[in-house]
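Student: This is the structure I want to talk about, given as structure tokens.
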Amino acid sequence: DAKRIRDIRRQTKTLVTIGACATAGGIQALRNWSDHEEFIASVYAHPEYIETLSTSTPIADHVAVDFELRGCPIDRHQLLEVLAALIADRSPRTPRHSVCIECKRRGTVCLVVTQGLPCLGPVTQAGCGAICPVYDRPCYGCFGPAAQANCPALSTHHLAGKTTETQMIHALRNMNAAANVFQIESDRLESEST
Ligand code: SF4
Ligand code: SF4
């Protein structure tokens with residue numbers, strides 16, 4: 001795939017990565033912190049038939065990317081906006097602000113303020129309509145980092161409450177575990193806790 005994407009880049013005027021796997025290595029990037037041979041042996045009856053890489057990385061780590069469309073899954077309206085923008089030769093107008101803005105627009109009661117839950121909404125890019133907090137579930141960052149996401153500040157806030165370092169690391173290591181600022185912060189927390 002690394003060779004294919006370089007070939008594609010050479011032949012392509014505009015390269016857009018779509019979804020968490022392409023923009024941040026996806027859920028399978030959890031292998032970056034583990035022994036992938038052990039993972040394979042736990043999952044497959046015949047691990048000898050499985051050929052896979054030991055790490056999962058964003059496409060932008062390998063070639064220049066013109067636009068990253070985030071989300072797991074992506075939002076179809078954002079996809080249409082990106083396509084329309086490319087056809088019109090303008091920059092896509094997708095949100096760069098955090099899920100918290102959408103959450104407040106919906107009038108949802110904040111899970112951090114009322115329950116002290118480790119919500120990643122303040123550092124996660126908008127696009128989902130803040131679905132999870134509506135169902136009393138903290139955001140786990142499936143749209144990846146928002147612009148200027150301050151993960152250390154959010155960790156400090158959550159850790160001052162009832163959130164443990166392990167819970168905070170798990171919150172950051174999900175669909176976008178290898179997204180730059182999420183990865184840096186989860187590694188920092190892990191190194192401080194060992
Ligand atoms: S519940 Fe989460 S997303 Fe909603 S306002 Fe609070 S921190 Fe932000
Ligand atoms: S995890 Fe966060 S970004 Fe993803 S759907 Fe839930 S609230 Fe939205």
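Residue numbering restarts at 1 in every chain; chains get A, B, ... in the order shown in the structure tokens, and ligands count up from 1 in that same order.
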Using only C-alpha atoms, determine which residues lie at most 8 Å from segment 63-76 of chain A, disregarding the query and same-chain residues fewer than 4 positions distant; provide the list as a PyMOL selection string.
Tutor: chain A and resi 5-6+9+14-20+23+59+80+127-128+142-144+175
Student: Which residues are near ligand 2 in this structure, taking near to mean any atom at most 9 Å from a ligand atom and counting only C-alpha atoms and all ligand atoms? Format them as a ChimeraX atom specification.
Tutor: /A:71-73,98-100,103,119-121,124-134,137-144,175
Student: Rank A:Thr55, A:Pro95, A:Gln11, A:Arg90 by their smallest atom-to-atom distance to Gln78 of chain A, using only C-alpha atoms, and report the top residue only.
Tutor: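 Once distances to Gln78 of chain A are computed over only C-alpha atoms, the minimum belongs to A:Pro95.
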Student: Using only C-alpha atoms, which residue out of A:Glu81, A:Glu102, A:Glu38, A:Asp187 lies closest to Thr166 of chain A?
Tutor: A:Asp187
Student: In segment 54-109 of chain A, what's helix (DSSP H, G or I) per DSSP? Answer as a list in words?
Tutor: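 Matching residues, listed in order: Ile59, Ala60, Asp61, Arg76, His77, Gln78, Leu79, Leu80, Glu81, Val82, Leu83, Ala84, Ala85, Leu86, Ile87, Val99, Cys100, Ile101, Glu102, Cys103, Lys104, Arg105 and Arg106 of chain A.
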